>>> print(open('coords-v3.txt').read())   # compact mmCIF, C-alpha atoms
# COMPACT_ATOMS: atom_id res chain seq x y z
CA MET A 1 0.00 0.00 0.00
CA SER A 2 1.48 3.36 -0.95
CA VAL A 3 0.03 6.29 0.94
CA ARG A 4 1.15 9.70 -0.27
CA THR A 5 1.96 12.22 2.41
CA GLN A 6 4.39 14.59 0.86
CA SER A 7 5.20 15.84 -2.59
CA SER A 8 8.41 14.76 -4.25
CA GLU A 9 9.86 17.50 -6.47
CA GLN A 10 9.53 16.59 -10.12
CA PRO A 11 11.16 18.36 -13.06
CA ALA A 12 8.83 20.62 -15.03
CA GLU A 13 7.44 18.63 -17.92
CA ALA A 14 7.22 20.20 -21.36
CA ASP A 15 4.10 18.17 -22.11
CA HIS A 16 0.95 19.93 -20.92
CA ARG A 17 -1.90 17.78 -19.64
CA ALA A 18 -5.62 18.54 -19.50
CA GLY A 19 -8.51 16.36 -18.47
CA PHE A 20 -11.51 15.67 -16.27
CA ALA A 21 -11.59 14.22 -12.75
CA CYS A 22 -14.62 13.68 -10.56
CA PHE A 23 -15.00 13.18 -6.85
CA VAL A 24 -17.44 10.52 -5.70
CA GLY A 25 -18.47 9.42 -2.26
CA ARG A 26 -21.51 9.15 -0.13
CA PRO A 27 -23.38 12.35 0.63
CA ASN A 28 -21.46 14.75 2.88
CA ALA A 29 -18.07 13.07 2.29
CA GLY A 30 -16.45 16.46 1.59
CA LYS A 31 -16.54 16.46 -2.22
CA SER A 32 -17.73 20.03 -2.76
CA THR A 33 -15.40 21.48 -0.09
CA LEU A 34 -12.49 19.71 -1.78
CA THR A 35 -13.47 21.08 -5.20
CA ASN A 36 -13.57 24.60 -3.77
CA ALA A 37 -10.20 24.17 -2.02
CA LEU A 38 -8.52 22.96 -5.22
CA VAL A 39 -10.00 25.73 -7.36
CA GLY A 40 -9.31 28.33 -4.67
CA GLN A 41 -12.74 29.90 -4.97
CA LYS A 42 -16.26 28.94 -4.07
CA VAL A 43 -17.80 27.18 -7.08
CA ALA A 44 -19.65 24.21 -5.59
CA ILE A 45 -22.44 24.52 -3.04
CA THR A 46 -21.33 23.22 0.36
CA SER A 47 -23.67 22.41 3.18
CA ASN A 48 -23.49 20.36 6.34
CA ARG A 49 -26.61 18.61 5.07
CA PRO A 50 -26.23 15.58 2.82
CA GLN A 51 -27.58 15.56 -0.75
CA THR A 52 -27.21 19.25 -1.58
CA THR A 53 -25.29 19.13 -4.86
CA ARG A 54 -27.66 18.71 -7.76
CA HIS A 55 -25.77 20.09 -10.71
CA THR A 56 -22.54 18.81 -12.19
CA VAL A 57 -20.48 21.81 -11.13
CA ARG A 58 -17.09 21.86 -12.78
CA GLY A 59 -14.25 23.59 -11.01
CA ILE A 60 -11.22 24.39 -13.15
CA VAL A 61 -7.70 24.21 -11.69
CA HIS A 62 -5.17 26.12 -13.82
CA ARG A 63 -1.50 25.16 -13.47
CA PRO A 64 1.53 25.90 -15.67
CA ASP A 65 1.83 22.20 -16.53
CA ALA A 66 -1.82 21.19 -16.59
CA GLN A 67 -5.50 21.99 -16.43
CA LEU A 68 -7.67 19.87 -14.16
CA ILE A 69 -11.41 20.10 -14.71
CA LEU A 70 -13.22 18.85 -11.61
CA VAL A 71 -16.70 17.49 -11.99
CA ASP A 72 -18.62 17.52 -8.73
CA THR A 73 -21.39 14.93 -8.92
CA PRO A 74 -24.28 14.43 -6.51
CA GLY A 75 -23.69 11.77 -3.85
CA LEU A 76 -24.68 8.30 -5.07
CA HIS A 77 -27.33 6.76 -2.85
CA LYS A 78 -30.20 4.29 -2.93
CA PRO A 79 -32.94 6.31 -4.64
CA ARG A 80 -36.34 6.81 -3.05
CA THR A 81 -37.79 9.23 -5.59
CA LEU A 82 -37.61 9.92 -9.32
CA LEU A 83 -35.22 12.81 -8.52
CA GLY A 84 -32.99 10.32 -6.68
CA GLU A 85 -32.93 8.01 -9.72
CA ARG A 86 -32.09 10.90 -12.05
CA LEU A 87 -29.24 11.97 -9.75
CA ASN A 88 -27.79 8.45 -9.74
CA ASP A 89 -27.94 8.34 -13.55
CA VAL A 90 -26.01 11.63 -13.64
CA VAL A 91 -23.32 10.07 -11.43
CA ARG A 92 -22.85 6.93 -13.55
CA THR A 93 -22.77 8.87 -16.82
CA THR A 94 -20.12 11.17 -15.36
CA TRP A 95 -17.95 8.27 -14.17
CA ALA A 96 -17.86 6.82 -17.67
CA GLU A 97 -16.64 10.09 -19.20
CA VAL A 98 -13.85 11.27 -16.87
CA ASP A 99 -10.09 10.58 -16.92
CA ALA A 100 -9.80 9.84 -13.18
CA ILE A 101 -12.13 9.26 -10.24
CA GLY A 102 -11.40 10.42 -6.68
CA PHE A 103 -13.28 8.33 -4.11
CA CYS A 104 -13.81 10.48 -0.99
CA ILE A 105 -14.06 8.70 2.36
CA PRO A 106 -14.20 10.81 5.55
CA ALA A 107 -11.43 10.09 8.08
CA ASP A 108 -13.79 10.54 11.03
CA GLN A 109 -16.35 7.84 10.13
CA LYS A 110 -15.90 4.07 9.82
CA ILE A 111 -16.34 2.66 6.32
CA GLY A 112 -20.04 1.83 6.12
CA PRO A 113 -22.65 0.35 3.76
CA GLY A 114 -22.87 3.63 1.80
CA ASP A 115 -19.12 3.54 1.05
CA ARG A 116 -19.29 -0.13 0.07
CA PHE A 117 -22.25 0.51 -2.24
CA ILE A 118 -20.19 3.11 -4.13
CA ALA A 119 -16.96 1.08 -4.06
CA LYS A 120 -18.79 -1.90 -5.63
CA GLU A 121 -20.06 0.36 -8.42
CA LEU A 122 -16.51 1.70 -8.89
CA ALA A 123 -15.11 -1.83 -9.13
CA GLY A 124 -17.27 -2.32 -12.22
CA ILE A 125 -15.60 0.62 -14.01
CA LYS A 126 -12.37 -1.02 -15.08
CA LYS A 127 -10.45 1.45 -17.23
CA THR A 128 -10.71 4.71 -15.25
CA PRO A 129 -7.88 5.23 -12.69
CA LYS A 130 -9.19 5.61 -9.13
CA VAL A 131 -7.60 7.63 -6.32
CA ALA A 132 -8.76 6.99 -2.76
CA ILE A 133 -9.00 10.33 -0.90
CA VAL A 134 -9.36 10.20 2.87
CA THR A 135 -11.00 13.56 3.66
CA LYS A 136 -11.50 15.62 6.85
CA THR A 137 -8.15 14.50 8.33
CA ASP A 138 -8.19 17.56 10.62
CA LEU A 139 -10.98 15.87 12.63
CA VAL A 140 -8.93 12.82 13.74
CA ASP A 141 -5.61 11.98 15.40
CA GLY A 142 -2.73 10.14 13.73
CA LYS A 143 -3.75 6.69 15.02
CA ALA A 144 -7.34 6.95 13.75
CA LEU A 145 -6.08 8.25 10.39
CA ALA A 146 -3.64 5.33 10.01
CA GLU A 147 -6.47 2.88 10.78
CA GLN A 148 -8.70 4.50 8.15
CA LEU A 149 -5.94 4.42 5.50
CA ILE A 150 -5.44 0.69 6.14
CA ALA A 151 -9.22 0.11 5.97
CA VAL A 152 -9.39 1.91 2.61
CA ASP A 153 -6.50 -0.18 1.26
CA LEU A 154 -8.25 -3.39 2.39
CA LEU A 155 -11.56 -2.29 0.85
CA GLY A 156 -9.80 -1.93 -2.51
CA LYS A 157 -8.17 -5.36 -2.22
CA GLU A 158 -11.46 -7.00 -1.21
CA LEU A 159 -13.34 -5.61 -4.23
CA GLY A 160 -10.51 -5.88 -6.76
CA ILE A 161 -9.90 -2.13 -7.05
CA THR A 162 -6.27 -1.08 -7.55
CA TRP A 163 -6.00 2.44 -6.11
CA ALA A 164 -3.70 4.61 -8.25
CA GLU A 165 -2.98 6.51 -5.01
CA ILE A 166 -4.27 6.70 -1.44
CA VAL A 167 -3.99 10.27 -0.18
CA PRO A 168 -5.17 11.86 3.10
CA VAL A 169 -6.32 15.49 2.83
CA SER A 170 -8.04 18.23 4.79
CA ALA A 171 -9.73 20.77 2.55
CA THR A 172 -10.73 23.05 5.43
CA ALA A 173 -7.19 23.08 6.92
CA ASN A 174 -5.70 23.14 3.39
CA GLN A 175 -3.47 20.14 4.13
CA GLN A 176 -2.21 18.10 1.15
CA VAL A 177 -4.67 19.74 -1.26
CA ASP A 178 -1.84 20.73 -3.62
CA LEU A 179 -0.38 17.23 -3.35
CA LEU A 180 -3.72 15.80 -4.46
CA ALA A 181 -3.58 18.00 -7.57
CA ASP A 182 0.03 16.82 -8.17
CA LEU A 183 -1.18 13.21 -8.07
CA LEU A 184 -4.20 13.76 -10.33
CA VAL A 185 -2.26 15.60 -13.07
CA PRO A 186 -0.25 12.57 -14.34
CA LEU A 187 -3.54 10.67 -14.76
CA MET A 188 -4.77 13.27 -17.29
CA PRO A 189 -4.18 12.88 -21.04
CA LYS A 190 -1.56 15.07 -22.72
CA GLY A 191 -3.04 18.05 -24.54
CA PRO A 192 -3.64 21.80 -24.53
CA ALA A 193 -5.84 23.63 -22.02
CA LEU A 194 -9.57 23.06 -22.61
CA TYR A 195 -10.76 26.29 -20.98
CA PRO A 196 -9.41 29.87 -21.12
CA GLU A 197 -7.09 30.97 -18.30
CA GLY A 198 -9.18 32.66 -15.62
CA ASP A 199 -12.31 30.52 -16.07
CA LEU A 200 -13.16 28.82 -12.77
CA THR A 201 -16.26 26.91 -13.86
CA ASP A 202 -18.36 26.34 -16.96
CA GLU A 203 -21.64 26.48 -15.04
CA PRO A 204 -23.91 29.16 -16.49
CA GLU A 205 -24.02 32.14 -14.12
CA MET A 206 -27.78 31.80 -13.55
CA VAL A 207 -27.29 28.21 -12.31
CA MET A 208 -24.53 29.28 -9.91
CA VAL A 209 -26.65 32.16 -8.62
CA ALA A 210 -29.56 29.74 -8.05
CA GLU A 211 -27.21 27.39 -6.13
CA LEU A 212 -26.00 30.22 -3.87
CA ILE A 213 -29.60 31.19 -3.06
CA ARG A 214 -30.45 27.54 -2.40
CA GLU A 215 -27.45 27.16 -0.09
CA ALA A 216 -28.52 30.19 1.95
CA ALA A 217 -32.11 28.89 2.09
CA LEU A 218 -30.96 25.47 3.37
CA GLU A 219 -29.02 26.87 6.28
CA GLY A 220 -30.83 26.51 9.55
CA VAL A 221 -34.11 25.10 8.20
CA ARG A 222 -35.65 22.12 9.85
CA ASP A 223 -34.47 18.63 8.94
CA GLU A 224 -37.40 17.79 6.68
CA LEU A 225 -36.65 20.52 4.15
CA PRO A 226 -33.22 19.99 2.51
CA HIS A 227 -34.51 18.06 -0.50
CA SER A 228 -37.67 20.10 -0.83
CA ILE A 229 -36.17 23.39 -2.02
CA ALA A 230 -35.44 24.13 -5.66
CA VAL A 231 -34.43 27.58 -6.92
CA VAL A 232 -35.00 28.93 -10.41
CA VAL A 233 -33.56 32.29 -11.45
CA GLU A 234 -36.23 33.74 -13.74
CA GLU A 235 -34.17 36.68 -15.00
CA MET A 236 -30.95 38.63 -14.49
CA LEU A 237 -31.02 42.07 -16.09
CA PRO A 238 -28.87 45.20 -15.70
CA ARG A 239 -30.99 48.03 -14.24
CA GLU A 240 -31.65 50.65 -16.91
CA ASP A 241 -30.83 54.35 -16.43
CA ARG A 242 -27.85 53.63 -14.14
CA PRO A 243 -24.59 55.58 -14.60
CA ALA A 244 -21.78 53.44 -16.04
CA ASP A 245 -19.75 53.62 -12.81
CA LYS A 246 -22.74 52.53 -10.66
CA PRO A 247 -24.28 49.47 -12.33
CA LEU A 248 -26.96 47.38 -10.62
CA LEU A 249 -28.08 43.90 -11.61
CA ASP A 250 -31.71 42.96 -10.96
CA ILE A 251 -32.12 39.25 -10.16
CA HIS A 252 -35.60 37.73 -9.84
CA ALA A 253 -35.69 34.21 -8.41
CA ASN A 254 -38.32 31.76 -7.18
CA LEU A 255 -37.80 29.28 -4.34
CA TYR A 256 -39.98 26.23 -4.95
CA ILE A 257 -41.16 23.99 -2.12
CA GLU A 258 -43.41 20.92 -2.24
CA ARG A 259 -46.16 21.78 0.24
CA THR A 260 -47.96 24.90 1.39
CA SER A 261 -47.14 23.97 5.01
CA GLN A 262 -43.42 24.47 4.22
CA LYS A 263 -43.94 28.06 3.12
CA GLY A 264 -43.94 29.43 6.66
CA ILE A 265 -40.68 27.62 7.47
CA VAL A 266 -38.86 29.20 4.53
CA ILE A 267 -40.35 32.68 4.95
CA GLY A 268 -40.05 32.74 8.76
CA PRO A 269 -41.88 34.95 11.29
CA LYS A 270 -42.70 38.32 9.66
CA GLY A 271 -40.58 37.30 6.65
CA LYS A 272 -37.35 37.40 8.64
CA ARG A 273 -35.92 34.10 7.34
CA LEU A 274 -36.47 34.95 3.69
CA LYS A 275 -34.93 38.37 4.28
CA ASP A 276 -31.85 36.72 5.84
CA VAL A 277 -31.60 34.34 2.87
CA GLY A 278 -31.66 37.39 0.58
CA ILE A 279 -28.97 39.27 2.51
CA LYS A 280 -26.67 36.25 2.80
CA SER A 281 -26.97 35.08 -0.81
CA ARG A 282 -26.74 38.63 -2.20
CA LYS A 283 -23.26 39.04 -0.66
CA GLN A 284 -22.11 35.76 -2.23
CA ILE A 285 -23.65 36.62 -5.61
CA GLU A 286 -22.02 40.07 -5.64
CA ALA A 287 -18.65 38.45 -4.88
CA LEU A 288 -19.21 35.92 -7.68
CA LEU A 289 -20.36 38.40 -10.34
CA GLY A 290 -18.32 41.40 -9.22
CA THR A 291 -21.28 43.80 -9.40
CA PRO A 292 -23.92 45.22 -6.99
CA VAL A 293 -27.14 43.21 -7.06
CA PHE A 294 -30.81 43.80 -6.24
CA LEU A 295 -32.28 40.42 -5.32
CA ASP A 296 -36.02 39.77 -5.52
CA LEU A 297 -37.04 36.42 -3.97
CA HIS A 298 -40.45 34.72 -3.99
CA VAL A 299 -41.51 31.42 -2.41
CA LYS A 300 -43.85 29.24 -4.50
CA VAL A 301 -45.37 25.80 -4.07
CA ALA A 302 -44.74 23.16 -6.77
CA LYS A 303 -46.68 20.23 -5.36
CA ASP A 304 -44.57 17.05 -4.96
CA TRP A 305 -42.10 18.28 -7.58
CA GLN A 306 -39.53 15.59 -6.76
CA ARG A 307 -41.87 12.86 -8.03
CA ASP A 308 -43.25 14.63 -11.09
CA PRO A 309 -41.26 14.29 -14.36
CA LYS A 310 -42.81 17.45 -15.85
CA GLN A 311 -41.95 19.59 -12.84
CA LEU A 312 -38.44 18.09 -12.58
CA ARG A 313 -37.81 19.18 -16.18
CA ARG A 314 -39.15 22.66 -15.51
CA LEU A 315 -36.93 23.02 -12.45
CA GLY A 316 -33.85 22.00 -14.42
CA PHE A 317 -33.41 18.31 -13.52
>>> encode(input="coords-v3.txt", output="structure tokens")
Amino acid sequence: MSVRTQSSEQPAEADHRAGFACFVGRPNAGKSTLTNALVGQKVAITSNRPQTTRHTVRGIVHRPDAQLILVDTPGLHKPRTLLGERLNDVVRTTWAEVDAIGFCIPADQKIGPGDRFIAKELAGIKKTPKVAIVTKTDLVDGKALAEQLIAVDLLGKELGITWAEIVPVSATANQQVDLLADLLVPLMPKGPALYPEGDLTDEPEMVMVAELIREAALEGVRDELPHSIAVVVEEMLPREDRPADKPLLDIHANLYIERTSQKGIVIGPKGKRLKDVGIKSRKQIEALLGTPVFLDLHVKVAKDWQRDPKQLRRLGF
């Protein structure tokens, strides 16, 4: 078993590499946080609630020798709804199209049925190189980390997976994040950059804005709501009659929930919660777009949207 813990200096290679890598793992294994740490800017929604990533958000890591395009898939899980099935299909399609797969397993939790479920699926994908990434190493001591690394190695042997690397990282403490990029680069095909320098993601801006609003809306709501919120940005338009040095972008967005009874939870007493969601997400959106924003939010009911194919399509799934 070779566990990487420090980078060995390698001579600069004339051959540039560019390719796609995706992080997989059960919900809340630290995939989005890792994407953001590698890219150096917030591009994927992160939440302490499982099952929050719904779009394939690509983060782009630019290096002199390579370009890594990170595809952040939803967590694979046993589906209970049509939305769940669609999300799983997205995951499998993504796995078949990338140049390397990073399997994220948190350091602070024993390997469980959810990890095995994913590892078994991974074992069936023969050609794609797989890197085992033990995440959240800042939450455990050295002994617990060593035990987890051994467990990950054994899991691979048991299922016939040959890990290209096993690497422990902490995205929040920024430990070994650069090393992970160093290890992913050689797995990419040789070729020129696929995206212009300076691009951090190829997500359309409206989708990213919707994700930031959704993230703010998820924070602090009761446990039954995380899956029940969808956000659609209806329009983003520059405000007319503004001087060139004082632009303002008008953004109109709808938050969709499944039942009328959930409306009060999202809006809050005297509208306070919705107002907080607006303030919080507006700051993030302004940082993302680099312009002042006027944000107009409305809460609407789309009855049982997670089980209705028509509504799923309308809400972008």
>>> atom_distance(input="coords-v3.txt", atom1="atom CA of Ala253 of chain A", atom2="atom CA of Asp304 of chain A")
19.6 Å
>>> closest_atom_pairs(input="coords-v3.txt", of="segment 157-205 of chain A", to="segment 91-101 of chain A", cutoff="9 Å", atoms="all atoms listed in the file", output="JSON lines")
{"residue": "A:Leu184", "atom": "CA", "partner": "A:Ala100", "partner_atom": "CA", "distance": 7.4}
{"residue": "A:Leu187", "atom": "CA", "partner": "A:Ala100", "partner_atom": "CA", "distance": 6.5}
{"residue": "A:Met188", "atom": "CA", "partner": "A:Asp99", "partner_atom": "CA", "distance": 6.0}
{"residue": "A:Pro189", "atom": "CA", "partner": "A:Asp99", "partner_atom": "CA", "distance": 7.6}
>>> residues_around(input="coords-v3.txt", residues="segment 264-269 of chain A", least_positions_apart="5", cutoff="9 Å", atoms="all atoms listed in the file", output="ChimeraX atom specification")
/A:217-218,221-222,225,255,257,274-275,299
>>> atom_distance(input="coords-v3.txt", atom1="atom CA of Val3 of chain A", atom2="atom CA of Asp108 of chain A")
17.6 Å
>>> residues_around(input="coords-v3.txt", residues="Asp153 of chain A", least_positions_apart="4", cutoff="8 Å", atoms="all atoms listed in the file", output="ChimeraX atom specification")
/A:1,149,157,163,166
>>> residues_around(input="coords-v3.txt", residues="Thr260 of chain A", least_positions_apart="2", cutoff="9 Å", atoms="only C-alpha atoms", output="ChimeraX atom specification")
/A:257-258,262-264,300-303
>>> residues_around(input="coords-v3.txt", residues="Ser281 of chain A", least_positions_apart="3", cutoff="8 Å", atoms="only C-alpha atoms", output="list in words")
Leu212, Ile213, Glu215, Ala216, Val277, Gly278, Gln284 and Ile285 of chain A
>>> atom_distance(input="coords-v3.txt", atom1="atom CA of Leu248 of chain A", atom2="atom CA of Lys283 of chain A")
13.5 Å
>>> build_atoms(input="coords-v3.txt", residues="segment 247-258 of chain A", atoms="N, CA, C and O atoms", output="mmCIF file, in the frame of the given file")
data_model
loop_
_atom_site.group_PDB
_atom_site.id
_atom_site.type_symbol
_atom_site.label_atom_id
_atom_site.label_comp_id
_atom_site.auth_asym_id
_atom_site.auth_seq_id
_atom_site.Cartn_x
_atom_site.Cartn_y
_atom_site.Cartn_z
ATOM 1 N N PRO A 247 -23.314 50.418 -11.763
ATOM 2 C CA PRO A 247 -24.280 49.470 -12.330
ATOM 3 C C PRO A 247 -25.034 48.730 -11.215
ATOM 4 O O PRO A 247 -24.566 48.658 -10.079
ATOM 5 N N LEU A 248 -26.192 48.206 -11.563
ATOM 6 C CA LEU A 248 -26.960 47.380 -10.620
ATOM 7 C C LEU A 248 -27.612 46.259 -11.430
ATOM 8 O O LEU A 248 -28.202 46.503 -12.481
ATOM 9 N N LEU A 249 -27.486 45.032 -10.925
ATOM 10 C CA LEU A 249 -28.080 43.900 -11.610
ATOM 11 C C LEU A 249 -29.336 43.475 -10.869
ATOM 12 O O LEU A 249 -29.285 43.204 -9.660
ATOM 13 N N ASP A 250 -30.465 43.441 -11.561
ATOM 14 C CA ASP A 250 -31.710 42.960 -10.960
ATOM 15 C C ASP A 250 -31.817 41.454 -11.163
ATOM 16 O O ASP A 250 -31.770 40.982 -12.294
ATOM 17 N N ILE A 251 -31.960 40.710 -10.065
ATOM 18 C CA ILE A 251 -32.120 39.250 -10.160
ATOM 19 C C ILE A 251 -33.465 38.864 -9.540
ATOM 20 O O ILE A 251 -33.735 39.181 -8.385
ATOM 21 N N HIS A 252 -34.302 38.213 -10.340
ATOM 22 C CA HIS A 252 -35.600 37.730 -9.840
ATOM 23 C C HIS A 252 -35.549 36.215 -9.775
ATOM 24 O O HIS A 252 -35.262 35.561 -10.777
ATOM 25 N N ALA A 253 -35.796 35.657 -8.580
ATOM 26 C CA ALA A 253 -35.690 34.210 -8.410
ATOM 27 C C ALA A 253 -36.863 33.671 -7.605
ATOM 28 O O ALA A 253 -37.390 34.352 -6.722
ATOM 29 N N ASN A 254 -37.260 32.443 -7.933
ATOM 30 C CA ASN A 254 -38.320 31.760 -7.180
ATOM 31 C C ASN A 254 -37.738 30.577 -6.414
ATOM 32 O O ASN A 254 -36.951 29.798 -6.960
ATOM 33 N N LEU A 255 -38.120 30.466 -5.142
ATOM 34 C CA LEU A 255 -37.800 29.280 -4.340
ATOM 35 C C LEU A 255 -39.018 28.379 -4.361
ATOM 36 O O LEU A 255 -40.108 28.799 -3.951
ATOM 37 N N TYR A 256 -38.857 27.166 -4.875
ATOM 38 C CA TYR A 256 -39.980 26.230 -4.950
ATOM 39 C C TYR A 256 -39.909 25.216 -3.813
ATOM 40 O O TYR A 256 -38.858 24.630 -3.554
ATOM 41 N N ILE A 257 -41.064 25.025 -3.143
ATOM 42 C CA ILE A 257 -41.160 23.990 -2.120
ATOM 43 C C ILE A 257 -42.299 23.058 -2.516
ATOM 44 O O ILE A 257 -43.045 23.357 -3.454
ATOM 45 N N GLU A 258 -42.441 21.933 -1.805
ATOM 46 C CA GLU A 258 -43.410 20.920 -2.240
ATOM 47 C C GLU A 258 -44.804 21.101 -1.632
ATOM 48 O O GLU A 258 -45.778 20.670 -2.211
#
